[in-house]
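Visitor: coords01.txt (compact mmCIF, C-alpha atoms) pasted underneath:
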```
# COMPACT_ATOMS: atom_id res chain seq x y z
CA MET C 3 282.48 291.47 122.60
CA THR C 4 281.85 288.00 121.16
CA GLN C 5 278.47 286.59 120.19
CA GLU C 6 278.73 284.24 123.18
CA ASP C 7 279.28 287.23 125.48
CA ASP C 8 276.21 288.90 124.00
CA GLN C 9 274.11 285.81 124.64
CA LYS C 10 275.31 285.57 128.23
CA LYS C 11 274.50 289.23 128.76
CA GLU C 12 270.98 288.73 127.43
CA GLN C 13 270.49 285.81 129.79
CA GLN C 14 271.19 288.15 132.73
CA PHE C 15 268.06 290.12 131.96
CA GLY C 16 265.61 290.52 134.84
CA PHE C 17 263.28 292.96 136.58
CA THR C 18 263.75 295.28 139.54
CA LEU C 19 261.21 295.29 142.37
CA GLU C 20 259.61 298.26 140.61
CA GLY C 21 259.18 296.20 137.41
CA GLU C 22 261.91 297.95 135.39
CA ALA C 23 264.06 295.96 132.99
CA ILE C 24 267.68 295.14 133.79
CA GLY C 25 270.15 294.29 131.03
CA TYR C 26 269.48 293.51 127.38
CA VAL C 27 266.06 292.27 126.38
CA SER C 28 265.60 289.10 124.36
CA LEU C 29 262.55 288.51 122.19
CA ASP C 30 260.81 286.36 124.79
CA GLN C 31 261.56 288.88 127.54
CA ALA C 32 260.04 291.61 125.35
CA ARG C 33 256.90 289.46 125.16
CA VAL C 34 256.78 289.39 128.97
CA LEU C 35 257.16 293.18 129.10
CA ALA C 36 254.39 293.74 126.54
CA ILE C 37 251.90 291.49 128.34
CA ARG C 38 252.71 293.04 131.70
CA HIS C 39 252.41 296.56 130.33
CA ALA C 40 249.05 295.82 128.68
CA ARG C 41 247.70 294.19 131.83
CA GLU C 42 248.82 297.04 134.10
CA ASN C 43 247.83 299.94 131.80
CA THR C 44 244.28 299.23 130.66
CA ALA C 45 243.46 302.96 130.82
CA PHE C 46 245.22 303.10 127.45
CA TYR C 47 242.15 301.49 125.86
CA VAL C 48 239.88 304.20 127.29
CA GLU C 49 242.25 306.90 126.05
CA MET C 50 242.52 305.42 122.55
CA LEU C 51 239.10 303.82 122.02
CA GLY C 52 236.68 305.71 124.24
CA SER C 53 234.77 305.53 127.52
CA ALA C 54 233.01 302.26 126.58
CA TYR C 55 236.27 300.53 127.57
CA ALA C 56 236.31 301.90 131.12
CA GLY C 57 236.29 299.09 133.70
CA VAL C 58 236.47 296.32 131.07
CA ASN C 59 238.63 293.31 131.99
CA PHE C 60 240.64 291.89 129.12
CA VAL C 61 242.47 288.73 128.13
CA TRP C 62 245.65 288.93 126.03
CA ASP C 63 247.36 286.43 123.75
CA LEU C 64 250.50 286.54 121.67
CA VAL C 65 249.91 286.91 117.93
CA SER C 66 253.47 287.39 116.68
CA GLN C 67 256.93 288.40 117.83
CA GLU C 68 259.86 289.52 115.72
CA GLU C 69 263.41 290.40 116.70
CA ASN C 70 265.20 293.21 114.87
CA GLU C 71 268.69 294.60 115.30
CA ASP C 72 267.70 297.49 117.57
CA TYR C 73 264.28 296.54 118.85
CA ASN C 74 261.72 293.77 119.35
CA GLU C 75 258.27 293.90 117.82
CA ILE C 76 255.32 292.26 119.63
CA LYS C 77 251.69 291.95 118.53
CA LEU C 78 249.02 290.95 121.05
CA SER C 79 245.36 290.16 120.55
CA PHE C 80 242.96 291.32 123.27
CA TRP C 81 239.31 290.72 124.05
CA PRO C 82 236.88 291.08 126.99
CA VAL C 83 236.74 288.38 129.65
CA GLY C 84 233.72 286.09 129.15
CA ARG C 85 232.23 284.23 126.21
CA PHE C 86 233.41 286.64 123.55
CA ARG C 87 231.73 286.15 120.16
CA GLY C 88 233.44 288.85 118.10
CA GLU C 89 236.90 289.26 116.57
CA PRO C 90 239.67 290.17 119.04
CA GLY C 91 241.42 293.49 118.91
CA LEU C 92 245.09 293.77 117.94
CA GLU C 93 247.79 295.97 119.45
CA HIS C 94 251.40 296.53 118.50
CA PHE C 95 254.47 297.12 120.69
CA ILE C 96 257.98 298.18 119.79
CA ILE C 97 260.40 297.56 122.67
CA ASP C 98 264.04 298.54 122.45
CA LYS C 99 266.93 296.37 123.57
CA ILE C 100 267.03 297.81 127.09
CA GLY C 101 263.34 297.22 127.70
CA THR C 102 261.88 300.65 126.94
CA ILE C 103 258.47 300.56 125.28
CA GLU C 104 258.99 302.94 122.37
CA LEU C 105 255.56 302.45 120.82
CA ARG C 106 252.20 301.00 121.76
CA GLN C 107 249.38 301.35 119.27
CA ILE C 108 245.98 299.83 118.59
CA LEU C 109 245.80 298.22 115.15
CA ASP C 110 242.28 296.77 115.41
CA GLU C 111 239.46 297.28 117.90
CA PRO C 112 237.46 294.24 119.09
CA SER C 113 234.52 293.82 116.73
CA ASP C 114 232.01 293.37 119.55
CA LEU C 115 232.98 294.78 122.94
CA GLY C 116 230.22 292.97 124.82
CA ALA C 117 231.01 289.47 126.09
CA THR C 118 228.17 287.04 126.73
CA PRO C 119 227.57 286.81 130.50
CA GLN C 120 228.83 283.60 132.05
CA GLY C 121 225.31 282.45 132.90
CA ALA C 122 223.89 283.01 129.44
CA PRO C 123 223.16 280.07 127.15
CA SER C 124 225.62 279.41 124.37
CA GLU C 125 225.38 277.50 121.13
CA ALA C 126 226.93 274.07 120.70
CA ARG C 127 228.20 273.20 117.23
CA LEU C 128 229.97 269.95 117.95
CA ASP C 129 229.32 266.96 115.74
CA ALA C 130 227.92 264.26 118.04
CA THR C 131 229.70 261.50 116.13
CA GLN C 132 233.04 263.10 117.00
CA VAL C 133 232.38 262.87 120.74
CA ASP C 134 232.52 259.05 120.73
CA MET C 135 236.32 258.78 120.49
CA PRO C 136 238.16 255.58 119.60
CA LEU C 137 240.36 254.11 122.29
CA ALA C 138 244.06 254.88 122.06
CA HIS C 139 245.86 252.81 119.41
CA SER C 140 242.55 251.92 117.70
CA PRO C 141 241.92 252.73 114.03
CA ILE C 142 240.18 256.06 113.45
CA PRO C 143 236.70 255.57 111.99
CA THR C 144 235.27 257.95 109.41
CA PRO C 145 232.03 259.03 111.10
CA GLU C 146 228.75 259.71 109.34
CA ARG C 147 227.99 263.31 110.20
CA THR C 148 224.68 263.59 112.02
CA PRO C 149 224.78 266.91 113.87
CA SER C 150 221.04 266.86 114.44
CA SER C 151 221.52 263.96 116.87
CA LEU C 152 223.45 266.10 119.34
CA GLN C 153 221.52 266.65 122.56
CA LEU C 154 222.37 269.62 124.74
CA ALA C 155 222.59 268.95 128.46
CA ASN C 156 220.52 271.00 130.88
CA PHE C 157 222.69 272.63 133.53
CA GLU C 158 221.43 274.22 136.73
CA PHE C 159 223.37 277.12 138.21
CA LEU C 160 224.36 276.38 141.81
CA ARG C 161 226.54 279.17 143.18
CA SER C 162 229.39 281.54 142.47
CA SER C 163 232.14 282.91 144.65
CA GLY C 164 234.75 285.61 144.34
CA SER C 165 235.00 289.19 143.13
CA LYS C 166 237.69 291.36 141.58
CA GLY C 167 240.49 292.22 143.96
CA SER C 168 243.52 290.95 145.84
CA GLY C 169 241.90 290.06 149.16
CA ASP C 170 241.19 286.60 150.51
CA GLY C 171 238.81 284.82 148.14
CA GLN C 172 239.06 287.57 145.52
CA PHE C 173 240.58 287.15 142.06
CA SER C 174 242.41 289.01 139.35
CA PHE C 175 242.06 286.81 136.27
CA PRO C 176 241.50 283.30 137.66
CA ALA C 177 243.07 281.20 134.91
CA GLY C 178 242.91 277.51 135.79
CA LEU C 179 241.43 275.15 138.34
CA ALA C 180 241.48 271.56 139.56
CA VAL C 181 239.35 269.60 142.01
CA ASP C 182 240.69 266.88 144.35
CA GLY C 183 238.95 263.75 145.58
CA ALA C 184 237.64 265.52 148.68
CA GLY C 185 235.97 268.22 146.61
CA GLU C 186 238.51 270.96 147.35
CA VAL C 187 238.92 273.41 144.48
CA TYR C 188 242.38 274.74 143.57
CA VAL C 189 242.37 278.00 141.56
CA VAL C 190 245.38 279.74 140.03
CA ASP C 191 244.84 283.49 140.46
CA GLU C 192 246.96 284.77 137.57
CA SER C 193 247.45 288.48 138.19
CA ASN C 194 247.59 288.04 141.98
CA HIS C 195 250.38 285.49 141.41
CA ARG C 196 248.99 282.94 143.83
CA LEU C 197 246.95 279.78 144.26
CA GLN C 198 243.78 279.72 146.36
CA VAL C 199 241.99 276.63 147.67
CA PHE C 200 238.25 276.50 148.46
CA ASP C 201 235.83 273.92 149.74
CA ALA C 202 232.89 272.82 147.59
CA GLU C 203 230.76 275.64 149.03
CA GLY C 204 233.26 278.32 148.04
CA LYS C 205 234.80 278.91 151.48
CA LEU C 206 238.48 279.87 151.31
CA LEU C 207 240.62 277.23 153.01
CA ARG C 208 244.19 278.31 152.28
CA GLN C 209 246.36 280.12 149.75
CA TRP C 210 250.00 280.51 148.85
CA GLY C 211 252.28 282.35 146.48
CA SER C 212 253.39 285.89 145.64
CA GLU C 213 255.01 287.58 142.66
CA GLY C 214 258.63 286.66 142.12
CA THR C 215 261.11 284.06 140.93
CA ASP C 216 261.95 282.26 144.19
CA ASP C 217 260.66 278.81 145.07
CA GLY C 218 256.95 279.09 145.83
CA GLN C 219 256.62 282.43 144.03
CA PHE C 220 254.91 282.90 140.67
CA ASP C 221 254.71 285.19 137.68
CA SER C 222 251.24 284.96 136.14
CA PRO C 223 250.51 281.24 136.71
CA GLN C 224 247.84 279.86 134.40
CA GLY C 225 247.54 276.09 134.91
CA VAL C 226 247.12 273.67 137.81
CA ALA C 227 246.62 269.91 138.09
CA LEU C 228 246.62 267.31 140.86
CA ASN C 229 247.84 263.74 140.93
CA GLY C 230 246.52 260.79 142.88
CA ALA C 231 249.05 261.30 145.68
CA GLY C 232 247.83 264.84 146.34
CA LEU C 233 250.70 266.66 144.64
CA VAL C 234 249.83 270.03 143.10
CA TYR C 235 251.48 270.93 139.77
CA VAL C 236 251.39 274.62 138.80
CA ALA C 237 252.33 276.07 135.39
CA ASP C 238 254.32 279.17 136.40
CA THR C 239 253.77 280.75 133.01
CA LEU C 240 255.95 283.84 132.75
CA ASN C 241 258.72 282.23 134.83
CA ASP C 242 258.79 279.45 132.21
CA ARG C 243 258.78 276.61 134.73
CA MET C 244 256.68 274.07 136.58
CA GLN C 245 256.42 274.04 140.37
CA VAL C 246 255.22 271.20 142.60
CA PHE C 247 253.64 271.51 146.06
CA ASN C 248 251.92 269.28 148.54
CA ALA C 249 248.22 269.84 149.19
CA GLU C 250 248.99 272.32 151.98
CA GLY C 251 251.14 274.49 149.74
CA ARG C 252 254.60 273.39 150.86
CA PHE C 253 257.09 273.76 148.01
CA LEU C 254 258.56 270.44 146.88
CA ALA C 255 260.24 270.82 143.50
CA ARG C 256 260.49 272.81 140.28
CA TRP C 257 261.78 272.22 136.78
CA GLY C 258 262.13 274.09 133.52
CA SER C 259 263.77 277.26 132.21
CA THR C 260 263.30 279.62 129.30
CA GLY C 261 264.18 278.11 125.94
CA THR C 262 263.28 275.71 123.16
CA GLY C 263 265.18 272.61 124.31
CA ASP C 264 263.82 269.47 125.92
CA GLY C 265 262.25 270.35 129.25
CA GLN C 266 262.45 274.11 128.58
CA PHE C 267 259.43 276.36 128.12
CA GLU C 268 258.26 279.54 126.50
CA GLY C 269 255.00 280.11 128.31
CA PRO C 270 253.71 276.86 129.87
CA ILE C 271 249.94 277.25 130.03
CA GLY C 272 248.02 274.04 130.65
CA VAL C 273 248.93 271.04 132.79
CA ALA C 274 247.23 267.67 133.20
CA VAL C 275 248.17 264.49 135.08
CA GLU C 276 247.05 261.04 133.94
CA GLY C 277 246.45 257.94 136.03
CA THR C 278 250.03 256.64 136.11
CA GLY C 279 251.40 260.05 137.16
CA LEU C 280 252.66 261.35 133.82
CA VAL C 281 252.49 265.13 133.59
CA TYR C 282 251.47 266.76 130.28
CA VAL C 283 252.25 270.46 129.75
CA THR C 284 251.24 272.71 126.85
CA ASP C 285 254.23 274.87 125.90
CA ARG C 286 252.50 277.85 124.27
CA SER C 287 255.11 279.73 122.27
CA ASN C 288 257.05 276.55 121.43
CA GLU C 289 253.80 275.20 119.91
CA ARG C 290 254.14 271.76 121.51
CA VAL C 291 253.19 269.40 124.32
CA GLN C 292 255.88 268.10 126.66
CA VAL C 293 255.55 265.02 128.87
CA PHE C 294 257.32 264.45 132.20
CA ASP C 295 257.28 261.82 134.90
CA ALA C 296 256.05 262.72 138.38
CA ALA C 297 259.54 263.89 139.37
CA GLY C 298 259.88 266.22 136.38
CA ARG C 299 262.14 264.07 134.22
CA PHE C 300 261.58 264.84 130.55
CA LEU C 301 260.02 262.08 128.47
CA PRO C 302 258.63 262.70 124.93
CA GLN C 303 257.20 265.78 123.25
CA TRP C 304 255.20 266.44 120.12
CA GLY C 305 253.88 269.32 118.06
CA SER C 306 255.11 272.18 115.91
CA GLU C 307 253.71 275.46 114.64
CA GLY C 308 251.06 275.09 111.95
CA THR C 309 247.48 274.25 111.07
CA GLY C 310 247.83 270.58 110.17
CA ASP C 311 246.87 267.59 112.30
CA GLY C 312 249.17 267.48 115.32
CA GLN C 313 250.35 271.05 114.81
CA PHE C 314 249.42 273.96 117.07
CA LYS C 315 249.05 277.71 117.24
CA TYR C 316 249.43 278.74 120.89
CA PRO C 317 248.05 275.62 122.63
CA GLY C 318 246.38 276.30 125.95
CA GLY C 319 244.13 274.05 128.04
CA ILE C 320 244.77 270.31 128.29
CA ALA C 321 242.90 267.38 129.83
CA VAL C 322 243.28 263.59 129.96
CA ASP C 323 240.30 261.22 130.11
CA ALA C 324 240.03 257.82 131.78
CA ALA C 325 241.04 256.04 128.56
CA GLY C 326 244.27 258.04 128.31
CA ARG C 327 243.15 260.30 125.44
CA ILE C 328 244.64 263.78 125.57
CA TYR C 329 242.50 266.80 124.65
CA ILE C 330 244.29 270.04 123.76
CA ALA C 331 242.75 273.45 123.18
CA ASP C 332 244.55 274.68 120.05
CA ARG C 333 243.66 278.28 120.75
CA SER C 334 244.58 280.34 117.72
CA ASN C 335 243.58 277.49 115.37
CA HIS C 336 240.13 277.60 117.01
CA ARG C 337 239.85 273.85 117.56
CA VAL C 338 240.40 271.00 120.02
CA GLN C 339 242.77 268.20 119.02
CA VAL C 340 242.72 264.72 120.53
CA PHE C 341 245.75 262.41 120.83
CA ASP C 342 246.50 259.00 122.28
CA SER C 343 248.88 258.60 125.20
CA GLU C 344 251.85 258.35 122.81
CA GLY C 345 251.02 261.66 121.15
CA ARG C 346 249.51 260.15 117.99
CA PHE C 347 246.81 262.36 116.50
CA LEU C 348 243.30 260.85 116.71
CA VAL C 349 240.71 263.41 115.75
CA CYS C 350 239.90 267.11 115.71
CA LEU C 351 236.85 268.64 117.38
CA ARG C 352 235.55 271.79 115.77
CA GLY C 353 232.31 273.37 114.69
```
Can the structure from this file be put into structure tokens for me?
Guide:
Amino acid sequence: MTQEDDQKKEQQFGFTLEGEAIGYVSLDQARVLAIRHARENTAFYVEMLGSAYAGVNFVWDLVSQEENEDYNEIKLSFWPVGRFRGEPGLEHFIIDKIGTIELRQILDEPSDLGATPQGAPSEARLDATQVDMPLAHSPIPTPERTPSSLQLANFEFLRSSGSKGSGDGQFSFPAGLAVDGAGEVYVVDESNHRLQVFDAEGKLLRQWGSEGTDDGQFDSPQGVALNGAGLVYVADTLNDRMQVFNAEGRFLARWGSTGTGDGQFEGPIGVAVEGTGLVYVTDRSNERVQVFDAAGRFLPQWGSEGTGDGQFKYPGGIAVDAAGRIYIADRSNHRVQVFDSEGRFLVCLRG
């Protein structure tokens, strides 16, 4: 069998309806298996680490992945949902070439299991002089650091909605949201593989999606954004693609596939749409940002793996302000980077 035949055989990999692997497993497909297994088998933490982990909801992120001749090696960090202040835990998977998980082990336990409740106050360590960003294409000033001038806003809690579950208005890891001009709130419900829409009071209006690879189906979606025409863009994360719907949930278009080429993805996470309709997508495991027009045609991209300005380590959330500046949550580098509309680095926000 030639190398080309091997590659074609790997590309035929998929899952049965029962979630079992079919065919030979590539490195990225092993990542999918590890995340799914961790998400669906949280009793493992109780068995390995004790009863304190019973009923705890976790978030997972890729730390490293390595392909070997006979198996793939995946390391995931994990931590409790909420404002977690400790060091994440670390677990290790060895997955053979047909998708069997040969080993799962805990390497490090989270340093502080308790997450700060969502309503609790949190510290702000942002330099106030870094908040006043220069306009795109303007020279970058060197600010005088005056952190004592930062004033914290006073927020008043209004309401909450939702609970854990798969019923109408319930969630299993809500991962991203967007609000339209009428005040309707669009929420991607990651582990329920759907999108739910609520009014401003939290009343469920409509929902769509199910687990799968067909048009209008999702596998762990994590990002959503709206444009001025009412189109809904969803980052279909583990299907490595973007999907587009109208405001009522009717499927319109999709683009993307698994890979490292232009317009391909390895875990699209965040999506944002700016005023002219350009769509910005954070491509997590490719450590980059890709830009598309409203119809999904690839435009530019920027970024690479690293810790320097303009480099990323698993970028996640993304937003665009009225001046066209692009804010990217550089997750594993523990910072927010800001770029102009052409992808030129402007400044870094960090504590």
Visitor: Would you mind listing what lies within 12 Å of Lys77 in chain C as a ChimeraX atom specification, with only C-alpha atoms counted and same-chain residues fewer than 2 positions away left out?
Guide: /C:29,32-37,40,62-69,74-75,79-80,91-97,105-110
Visitor: For a test of reading the model, state the distance in Å between CA of Phe220 in chain C and CA of Tyr73 in chain C, rounded to one decimal.
Guide: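 Here the two named atoms are 27.4 Å from each other.
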Visitor: What does the structure give for the distance between CA of Leu240 in chain C and CA of Asp221 in chain C, in Å to one decimal?
Guide: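 One can read the CA of Leu240 in chain C to CA of Asp221 in chain C distance as 5.3 Å.
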Visitor: So that I can check the surroundings of Val322 in chain C, please list as a list in words every protein, DNA and RNA residue that reaches within 8 Å of it, counting all atoms listed in the file and ignoring chain neighbours fewer than 4 positions away.
Guide: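 Using all atoms listed in the file, the neighbours found are Ala274, Val275, Glu276, Gly326, Arg327, Ile328 and Tyr329 of chain C.
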Visitor: Check the smallest atom-to-atom distance from each of C:Ala297, C:Leu179, C:Leu207, C:Val27 to Ile100 in chain C using only C-alpha atoms, then report the winner.
Guide: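 Of all the options, C:Val27 lies closest to Ile100 in chain C.
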Visitor: Anything within 8 Å of (254.6, 269.1, 123.6): list those residues as number ranges by chain, counting all atoms listed in the file and sticking to the file's coordinates.
Guide: C: 282-285, 289-293, 302-305
Visitor: At most 12 Å is the cut-off: for each residue in range 234-324 of chain C with any atom that close to an atom of range 157-177 of chain C, write down the nearest atom pair and the distance in Å rounded to one decimal, counting all atoms listed in the file, chain first then increasing number, as CSV.
Guide:
```
residue,atom,partner,partner_atom,distance
C:Val236,CA,C:Ala177,CA,11.3
C:Ala237,CA,C:Ala177,CA,10.6
C:Asp238,CA,C:Ala177,CA,11.5
C:Thr239,CA,C:Ala177,CA,10.9
C:Ile271,CA,C:Ala177,CA,9.3
C:Gly272,CA,C:Ala177,CA,9.7
C:Val273,CA,C:Ala177,CA,11.9
C:Gly318,CA,C:Ala177,CA,10.7
C:Gly319,CA,C:Ala177,CA,10.0
```
Visitor: Given the point (245.7, 273.7, 145.9) in the coordinates of this file, which residues lie within 9 Å, counting all atoms listed in the file, and how would they look as a PDB file with C-alpha atoms, in the coordinates of the input?
Guide:
```pdb
ATOM      1  CA  LEU C 179     241.430 275.150 138.340  1.00  0.00           C
ATOM      2  CA  ALA C 180     241.480 271.560 139.560  1.00  0.00           C
ATOM      3  CA  VAL C 181     239.350 269.600 142.010  1.00  0.00           C
ATOM      4  CA  ASP C 182     240.690 266.880 144.350  1.00  0.00           C
ATOM      5  CA  GLU C 186     238.510 270.960 147.350  1.00  0.00           C
ATOM      6  CA  VAL C 187     238.920 273.410 144.480  1.00  0.00           C
ATOM      7  CA  TYR C 188     242.380 274.740 143.570  1.00  0.00           C
ATOM      8  CA  VAL C 189     242.370 278.000 141.560  1.00  0.00           C
ATOM      9  CA  VAL C 190     245.380 279.740 140.030  1.00  0.00           C
ATOM     10  CA  LEU C 197     246.950 279.780 144.260  1.00  0.00           C
ATOM     11  CA  GLN C 198     243.780 279.720 146.360  1.00  0.00           C
ATOM     12  CA  VAL C 199     241.990 276.630 147.670  1.00  0.00           C
ATOM     13  CA  PHE C 200     238.250 276.500 148.460  1.00  0.00           C
ATOM     14  CA  ARG C 208     244.190 278.310 152.280  1.00  0.00           C
ATOM     15  CA  GLN C 209     246.360 280.120 149.750  1.00  0.00           C
ATOM     16  CA  TRP C 210     250.000 280.510 148.850  1.00  0.00           C
ATOM     17  CA  VAL C 226     247.120 273.670 137.810  1.00  0.00           C
ATOM     18  CA  ALA C 227     246.620 269.910 138.090  1.00  0.00           C
ATOM     19  CA  LEU C 228     246.620 267.310 140.860  1.00  0.00           C
ATOM     20  CA  LEU C 233     250.700 266.660 144.640  1.00  0.00           C
ATOM     21  CA  VAL C 234     249.830 270.030 143.100  1.00  0.00           C
ATOM     22  CA  TYR C 235     251.480 270.930 139.770  1.00  0.00           C
ATOM     23  CA  PHE C 247     253.640 271.510 146.060  1.00  0.00           C
ATOM     24  CA  ASN C 248     251.920 269.280 148.540  1.00  0.00           C
ATOM     25  CA  ALA C 249     248.220 269.840 149.190  1.00  0.00           C
ATOM     26  CA  GLU C 250     248.990 272.320 151.980  1.00  0.00           C
ATOM     27  CA  GLY C 251     251.140 274.490 149.740  1.00  0.00           C
TER      28      GLY C 251
END
```
